[in-house]
Amino acid sequence: QVHLMESGGGLVQAGGSLRLACAASRSIFSINAMGWYRQAPGKQRDLVATFTSGSNTNYADSVKGRFTISRDNAKNTVYLQMNSLKPEDTAVYYCNAHYWGNDYWGQGTQVTVSS
């Protein structure tokens with residue numbers, strides 16, 4: 001089992017930056033895939049950025065060049081640096097871990113970008 005705790009959301013003006021953090025309850029070396037998803041009101045939950053096998057990364061087209069996923073293995077933490085934020089980035093951001101065939105989710109953190 002994996003417990004995930006997100007932090008770092010908030011309110012920011014368009015063009016600003018935020019950094020989200022996701023702390024895992026176990027070594028992230030042991031987790032098959034880990035990353036970030038987001039869900040806007042009335043919409044489905046979509047992939048934002050993930051680490052897949054090893055250190056390979058995958059980004060949604062809408063965030064490429066603006067968002068960067070990174071990890072600190074010693075802290076069992078994955079980060080999402082979000083730059084040049086747009087109002088359409090407003091959503092609840094969820095951390096996800098895929099571990100032994102199961103998906104685990106954090107409680108989510110709200111990101112609101114004002115125009």
# chains A, B, ... in the order shown; residues from 1 in each chain; ligands from 1
call {"tool": "closest_atom_pairs", "arguments": {"of": "segment 27-50 of chain A", "to": "segment 7-23 of chain A", "cutoff": "12 Å", "atoms": "only C-alpha atoms", "output": "tab-separated table"}}
result
residue	atom	partner	partner_atom	distance
A:Ser27	CA	A:Ala23	CA	9.9
A:Ile28	CA	A:Ala23	CA	9.2
A:Met34	CA	A:Cys22	CA	9.6
A:Gly35	CA	A:Cys22	CA	8.7
A:Trp36	CA	A:Cys22	CA	8.9
A:Tyr37	CA	A:Leu20	CA	11.7
A:Arg38	CA	A:Gly9	CA	11.9
A:Ala49	CA	A:Leu20	CA	11.9
call {"tool": "residues_around", "arguments": {"residues": "Gln107 of chain A", "least_positions_apart": "6", "cutoff": "9 Å", "atoms": "only C-alpha atoms", "output": "CSV table (one decimal) with C-alpha atoms, in the first residue's frame"}}
result
chain,number,residue,atom,x,y,z
A,4,LEU,CA,0.4,10.0,-0.8
A,5,MET,CA,0.3,13.5,0.6
A,6,GLU,CA,0.2,16.5,-1.7
A,93,TYR,CA,-4.3,18.3,-8.8
A,94,TYR,CA,-3.9,14.7,-7.6
A,95,CYS,CA,-0.7,12.7,-7.0
call {"tool": "closest_residue", "arguments": {"among": "A:Thr112, A:Thr57, A:Asn83, A:Asn32", "to": "Ser70 of chain A", "atoms": "only C-alpha atoms"}}
result
A:Thr57
call {"tool": "select_by_dssp", "arguments": {"residues": "chain A", "states": "strand (DSSP E or B)", "output": "number ranges by chain"}}
result
A: 4-7, 10-13, 18-24, 33-39, 46-51, 57-59, 67-72, 77-82, 91-99, 102-105, 109-114
call {"tool": "closest_residue", "arguments": {"among": "A:Lys86, A:Asn76, A:Tyr104, A:Phe51", "to": "Val63 of chain A", "atoms": "only C-alpha atoms"}}
result
A:Lys86
call {"tool": "closest_residue", "arguments": {"among": "A:Ala91, A:Met82, A:Ala24, A:Ile31", "to": "Ile69 of chain A", "atoms": "only C-alpha atoms"}}
result
A:Met82
call {"tool": "residues_around", "arguments": {"residues": "Phe29 of chain A", "least_positions_apart": "3", "cutoff": "12 Å", "atoms": "only C-alpha atoms", "output": "ChimeraX atom specification"}}
result
/A:24-26,32-34,51-55,71-78,97-99
call {"tool": "write_last_selection", "arguments": {"atoms": "N, CA and C atoms", "output": "mmCIF file, in the first residue's frame"}}
result
data_model
loop_
_atom_site.group_PDB
_atom_site.id
_atom_site.type_symbol
_atom_site.label_atom_id
_atom_site.label_comp_id
_atom_site.auth_asym_id
_atom_site.auth_seq_id
_atom_site.Cartn_x
_atom_site.Cartn_y
_atom_site.Cartn_z
ATOM 1 N N ALA A 24 5.485 10.332 -0.560
ATOM 2 C CA ALA A 24 4.997 8.954 -0.518
ATOM 3 C C ALA A 24 5.409 8.290 0.787
ATOM 4 N N SER A 25 4.612 7.299 1.191
ATOM 5 C CA SER A 25 4.859 6.623 2.464
ATOM 6 C C SER A 25 5.892 5.508 2.348
ATOM 7 N N ARG A 26 6.357 5.245 1.140
ATOM 8 C CA ARG A 26 7.371 4.226 0.947
ATOM 9 C C ARG A 26 8.362 4.705 -0.103
ATOM 10 N N ASN A 32 6.151 1.642 -9.445
ATOM 11 C CA ASN A 32 6.305 1.452 -10.888
ATOM 12 C C ASN A 32 6.181 2.762 -11.664
ATOM 13 N N ALA A 33 5.196 3.551 -11.305
ATOM 14 C CA ALA A 33 4.972 4.828 -11.997
ATOM 15 C C ALA A 33 4.371 5.794 -10.995
ATOM 16 N N MET A 34 4.738 7.056 -11.133
ATOM 17 C CA MET A 34 4.261 8.046 -10.178
ATOM 18 C C MET A 34 4.162 9.388 -10.868
ATOM 19 N N PHE A 51 6.310 10.076 -14.121
ATOM 20 C CA PHE A 51 7.480 9.247 -14.326
ATOM 21 C C PHE A 51 6.962 7.853 -14.659
ATOM 22 N N THR A 52 7.466 7.275 -15.721
ATOM 23 C CA THR A 52 7.110 5.891 -16.040
ATOM 24 C C THR A 52 8.287 5.006 -15.640
ATOM 25 N N SER A 53 8.660 4.061 -16.436
ATOM 26 C CA SER A 53 9.733 3.154 -16.050
ATOM 27 C C SER A 53 11.050 3.917 -15.876
ATOM 28 N N GLY A 54 11.667 3.718 -14.712
ATOM 29 C CA GLY A 54 12.905 4.425 -14.441
ATOM 30 C C GLY A 54 12.657 5.913 -14.335
ATOM 31 N N SER A 55 13.373 6.692 -15.076
ATOM 32 C CA SER A 55 13.232 8.146 -15.016
ATOM 33 C C SER A 55 12.585 8.719 -16.261
ATOM 34 N N ARG A 71 11.949 14.514 -9.032
ATOM 35 C CA ARG A 71 11.838 13.640 -7.874
ATOM 36 C C ARG A 71 13.056 13.788 -6.983
ATOM 37 N N ASP A 72 12.838 13.581 -5.689
ATOM 38 C CA ASP A 72 13.901 13.521 -4.700
ATOM 39 C C ASP A 72 13.783 12.160 -4.037
ATOM 40 N N ASN A 73 14.635 11.231 -4.457
ATOM 41 C CA ASN A 73 14.522 9.862 -3.959
ATOM 42 C C ASN A 73 14.766 9.772 -2.451
ATOM 43 N N ALA A 74 15.659 10.607 -1.960
ATOM 44 C CA ALA A 74 15.975 10.560 -0.529
ATOM 45 C C ALA A 74 14.777 10.975 0.322
ATOM 46 N N LYS A 75 13.925 11.830 -0.228
ATOM 47 C CA LYS A 75 12.752 12.314 0.510
ATOM 48 C C LYS A 75 11.478 11.579 0.092
ATOM 49 N N ASN A 76 11.595 10.626 -0.828
ATOM 50 C CA ASN A 76 10.416 9.909 -1.334
ATOM 51 C C ASN A 76 9.349 10.886 -1.821
ATOM 52 N N THR A 77 9.774 11.900 -2.535
ATOM 53 C CA THR A 77 8.890 12.977 -2.934
ATOM 54 C C THR A 77 9.018 13.253 -4.425
ATOM 55 N N VAL A 78 7.885 13.479 -5.046
ATOM 56 C CA VAL A 78 7.825 13.890 -6.448
ATOM 57 C C VAL A 78 7.266 15.309 -6.486
ATOM 58 N N ALA A 97 0.196 7.034 -7.680
ATOM 59 C CA ALA A 97 1.264 6.028 -7.673
ATOM 60 C C ALA A 97 0.684 4.711 -8.167
ATOM 61 N N HIS A 98 1.373 4.097 -9.107
ATOM 62 C CA HIS A 98 0.958 2.786 -9.605
ATOM 63 C C HIS A 98 1.911 1.766 -9.036
ATOM 64 N N TYR A 99 1.394 0.875 -8.184
ATOM 65 C CA TYR A 99 2.255 0.003 -7.388
ATOM 66 C C TYR A 99 1.632 -1.380 -7.334
#
call {"tool": "atom_distance", "arguments": {"atom1": "atom CA of Asn58 of chain A", "atom2": "atom CA of Val111 of chain A"}}
result
20.6 Å
call {"tool": "atom_distance", "arguments": {"atom1": "atom CA of Ala40 of chain A", "atom2": "atom CA of Trp100 of chain A"}}
result
28.3 Å
call {"tool": "atom_distance", "arguments": {"atom1": "atom CA of Gln1 of chain A", "atom2": "atom CA of Leu80 of chain A"}}
result
22.6 Å
call {"tool": "closest_residue", "arguments": {"among": "A:Gly106, A:Ser114, A:Leu47, A:Gly42", "to": "Asp61 of chain A", "atoms": "only C-alpha atoms"}}
result
A:Leu47
call {"tool": "select_by_dssp", "arguments": {"residues": "chain A", "states": "helix (DSSP H, G or I)", "output": "list of chain:residue names"}}
result
A:Ile28, A:Phe29, A:Ser30, A:Asp61, A:Ser62, A:Val63, A:Asn73, A:Ala74, A:Lys75, A:Pro87, A:Glu88, A:Asp89
call {"tool": "closest_residue", "arguments": {"among": "A:Pro87, A:Ser115, A:Val92, A:Trp105", "to": "Gln44 of chain A", "atoms": "only C-alpha atoms"}}
result
A:Val92
call {"tool": "closest_residue", "arguments": {"among": "A:Tyr79, A:Phe67, A:Thr50, A:Val2", "to": "Ser30 of chain A", "atoms": "only C-alpha atoms"}}
result
A:Val2
